[in-house]
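K.L.:
One structure, as structure tokens, below. Some questions next.
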Amino acid sequence: MTVPVPSRPLPRRGGLKDRAEQVLGPRAAKRVTVFRDGTSYVEAGAGRQFVAWLVDFVVFLFGVGVGVVIMAVVDRSANLDDGVLTLAMLAMFFVVPSLYGVCYGNGRALGAVVAGTRLVRIADGGRIGKRAAWAMLVRTVLMPLLLLAVLAAAFTGGGTAPGGSQARVSVDVGATRRLRAAGIDR
């Protein structure tokens with residue numbers, strides 16, 4: 001007796017998260033999702049994302065501190081006007097994260113390396129590239145300001161924030177590598 005070969009592949013048994021649970025365990029399998037192009041990945045957990053942000057924020061503060069010291073030395077030798085000095089100090093809050101963001105083009109700044117994550121485009125998992133300086137500015141300056149605004153709105157009875165679309169996501173590098181090595185792509 002011969003068995004006919006199916007014309008198309010047989011469906012895989014179990015869903016994506018069920019198959020991922022066998023490889024990654026239940027906690028990491030809950031974070032498995034897909035990019036807009038259909039490729040699966042493991043989103044970084046909240047703890048790893050916080051560690052990555054905290055390290056990046058400390059690097060940002062260190063950079064601003066170095067900038068303040070440099071400005072103090074320049075002011076001592078050149079006796080700058082107070083307006084110029086104030087403007088230079090304010091500019092550091094935008095220049096330092098932008099310069100640090102240039103190192104972030106491949107999605108792995110120091111915080112991501114320490115936490116084992118990578119920031120990628122949600123469309124296809126590609127590197128963020130030229131928008132890295134903007135991403136770091138958002139991550140280190142604008143997000144803390146947004147958090148303060150949300151807290152202030154919560155205590156003053158403010159409304160809800162408008163919805164938006166997510167452009168980038170933080171990926172758990174090790175778990176995603178194990179997921180793909182097991183052949184669980186979709």
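Here's how to read the names in the structure tokens: chain A, B, ... by the order shown, residue numbers from 1 in each chain, ligand numbers from 1 in the order shown.
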List as a Markdown table every residue of segment 113-162 of chain A that is in contact with segment 84-107 of chain A, defined as an atom at most 6 Å from one of its atoms (using only C-alpha atoms), together with the nearest atom pair and the distance in Å rounded to one decimal, sorted by chain and then rising number.
P.N.:
| residue | atom | partner | partner_atom | distance |
| --- | --- | --- | --- | --- |
| A:Arg118 | CA | A:Gly107 | CA | 5.0 |
| A:Leu119 | CA | A:Gly107 | CA | 4.5 |
| A:Arg127 | CA | A:Asn106 | CA | 5.3 |
| A:Ile128 | CA | A:Gly105 | CA | 5.8 |
| A:Gly129 | CA | A:Gly105 | CA | 4.3 |
| A:Ala132 | CA | A:Gly105 | CA | 5.0 |
| A:Ala133 | CA | A:Gly101 | CA | 3.9 |
| A:Met136 | CA | A:Gly101 | CA | 4.9 |
| A:Leu137 | CA | A:Pro97 | CA | 5.1 |
K.L.:
Just checking: using only C-alpha atoms, which residue out of A:Gly15, A:Gly125, A:Gly63, A:Gly45 ends up closest to Ala28 of chain A?
P.N.:
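Nearest candidate to Ala28 of chain A out of A:Gly15, A:Gly125, A:Gly63, A:Gly45: A:Gly45.
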K.L.:
Could you please write out, as an NGL selection string, every residue of chain A that DSSP assigns to helix (DSSP H, G or I)?
P.N.:
:A and (16-24 or 26-29 or 46-78 or 82-102 or 110-115 or 129-156 or 173-181)
K.L.:
Selection from above, C-alpha atoms, as a compact mmCIF listing (two decimals), in the first residue's frame, can you write it?
P.N.:
# COMPACT_ATOMS: atom_id res chain seq x y z
CA LEU A 16 3.91 29.23 18.06
CA LYS A 17 3.94 29.77 21.81
CA ASP A 18 3.42 26.07 22.54
CA ARG A 19 6.43 25.12 20.40
CA ALA A 20 8.47 27.96 21.90
CA GLU A 21 7.66 26.79 25.42
CA GLN A 22 9.42 23.49 24.74
CA VAL A 23 12.61 25.35 23.80
CA LEU A 24 12.53 28.47 26.00
CA PRO A 26 7.00 29.07 29.95
CA ARG A 27 8.13 32.56 31.00
CA ALA A 28 10.04 33.37 27.82
CA ALA A 29 7.42 31.68 25.62
CA ALA A 46 10.44 44.48 31.64
CA GLY A 47 13.42 43.88 33.93
CA ARG A 48 15.89 43.69 31.06
CA GLN A 49 14.39 46.75 29.42
CA PHE A 50 14.67 48.70 32.68
CA VAL A 51 18.30 47.64 33.19
CA ALA A 52 19.15 48.70 29.62
CA TRP A 53 17.44 52.05 30.12
CA LEU A 54 19.09 52.59 33.52
CA VAL A 55 22.60 51.93 32.19
CA ASP A 56 21.95 54.22 29.21
CA PHE A 57 20.58 56.91 31.53
CA VAL A 58 23.66 56.68 33.78
CA VAL A 59 25.91 57.01 30.71
CA PHE A 60 23.83 60.05 29.66
CA LEU A 61 24.22 61.63 33.12
CA PHE A 62 27.95 60.91 33.06
CA GLY A 63 28.21 62.59 29.64
CA VAL A 64 26.32 65.63 30.88
CA GLY A 65 28.59 65.74 33.95
CA VAL A 66 31.68 65.68 31.74
CA GLY A 67 30.12 68.46 29.64
CA VAL A 68 29.49 70.56 32.75
CA VAL A 69 33.11 70.15 33.84
CA ILE A 70 34.33 71.11 30.36
CA MET A 71 32.05 74.16 30.34
CA ALA A 72 33.31 75.18 33.79
CA VAL A 73 36.93 75.00 32.60
CA VAL A 74 36.09 76.96 29.43
CA ASP A 75 34.16 79.52 31.49
CA ARG A 76 37.04 79.95 33.89
CA SER A 77 39.50 80.67 31.06
CA ALA A 78 37.21 82.58 28.67
CA ASP A 82 25.80 83.86 31.64
CA GLY A 83 23.37 83.52 28.71
CA VAL A 84 25.92 81.63 26.61
CA LEU A 85 26.79 79.38 29.52
CA THR A 86 23.11 78.63 30.24
CA LEU A 87 22.40 77.90 26.59
CA ALA A 88 25.42 75.59 26.37
CA MET A 89 24.28 73.72 29.50
CA LEU A 90 20.77 73.27 28.09
CA ALA A 91 22.16 72.15 24.72
CA MET A 92 24.09 69.38 26.46
CA PHE A 93 20.80 67.68 27.36
CA PHE A 94 20.17 67.22 23.63
CA VAL A 95 23.71 66.89 22.28
CA VAL A 96 24.97 64.21 24.69
CA PRO A 97 22.19 61.66 24.01
CA SER A 98 22.41 62.36 20.29
CA LEU A 99 26.16 61.68 20.28
CA TYR A 100 25.63 58.56 22.41
CA GLY A 101 22.89 57.51 20.01
CA VAL A 102 25.36 57.47 17.13
CA LEU A 110 26.05 49.90 26.47
CA GLY A 111 22.73 49.34 28.26
CA ALA A 112 21.57 46.83 25.67
CA VAL A 113 24.87 44.96 25.83
CA VAL A 114 24.66 44.71 29.63
CA ALA A 115 21.00 43.62 29.55
CA GLY A 129 20.36 52.80 11.76
CA LYS A 130 20.32 56.57 11.24
CA ARG A 131 17.44 57.16 13.63
CA ALA A 132 19.51 55.89 16.54
CA ALA A 133 20.40 59.38 17.73
CA TRP A 134 16.70 60.26 17.90
CA ALA A 135 15.93 56.96 19.68
CA MET A 136 18.55 57.67 22.34
CA LEU A 137 17.25 61.22 22.83
CA VAL A 138 13.75 59.83 23.33
CA ARG A 139 15.06 57.09 25.64
CA THR A 140 17.14 59.28 27.94
CA VAL A 141 15.48 62.71 27.92
CA LEU A 142 11.94 62.60 26.59
CA MET A 143 10.77 59.37 28.29
CA PRO A 144 11.65 60.61 31.80
CA LEU A 145 9.87 63.90 30.99
CA LEU A 146 6.86 61.92 29.73
CA LEU A 147 6.84 59.87 32.95
CA LEU A 148 6.84 63.08 34.99
CA ALA A 149 4.00 64.48 32.87
CA VAL A 150 1.95 61.29 33.29
CA LEU A 151 2.51 61.34 37.06
CA ALA A 152 1.55 65.01 37.23
CA ALA A 153 -1.58 64.32 35.16
CA ALA A 154 -2.51 61.39 37.40
CA PHE A 155 -2.38 63.57 40.50
CA THR A 156 -4.21 66.48 38.90
CA VAL A 173 18.93 38.46 21.92
CA GLY A 174 19.74 35.10 23.55
CA ALA A 175 16.17 33.79 23.64
CA THR A 176 15.52 34.88 20.04
CA ARG A 177 18.71 33.13 18.95
CA ARG A 178 17.58 29.89 20.67
CA LEU A 179 14.12 30.25 19.10
CA ARG A 180 15.56 30.52 15.60
CA ALA A 181 18.11 27.74 16.20
K.L.:
Could you tell me which of A:Gly25, A:Phe35, A:Ser40, A:Gly183 comes closest to Gln166 of chain A if we count only C-alpha atoms?
P.N.:
A:Phe35
K.L.:
Give me, please, the distance in Å between atom CA of Ala123 of chain A and atom CA of Ile184 of chain A, quoted to one decimal.
P.N.:
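The value is 18.6 Å.
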K.L.:
So the first atom is atom CA of Val42 of chain A and the second is atom CA of Gly126 of chain A; what is the distance between them in Å, to one decimal place?
P.N.:
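For atom CA of Val42 of chain A relative to atom CA of Gly126 of chain A, the distance reads 14.4 Å.
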K.L.:
Rounded to one decimal in Å, what is the spacing between atom CA of Val120 of chain A and atom CA of Val171 of chain A?
P.N.:
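Going from atom CA of Val120 of chain A over to atom CA of Val171 of chain A, I get 7.1 Å.
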K.L.:
Any chance you could list, as a list in words, the residues in chain A that come up strand (DSSP E or B) when DSSP is run on the backbone?
P.N.:
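Going through chain A, the strand (DSSP E or B) residues come out as Val32, Thr33, Val34, Ser40, Tyr41, Val42, Glu43, Thr117, Arg118, Leu119, Val120, Arg121, Arg127, Arg168, Val169, Ser170, Val171 and Asp172 of chain A.
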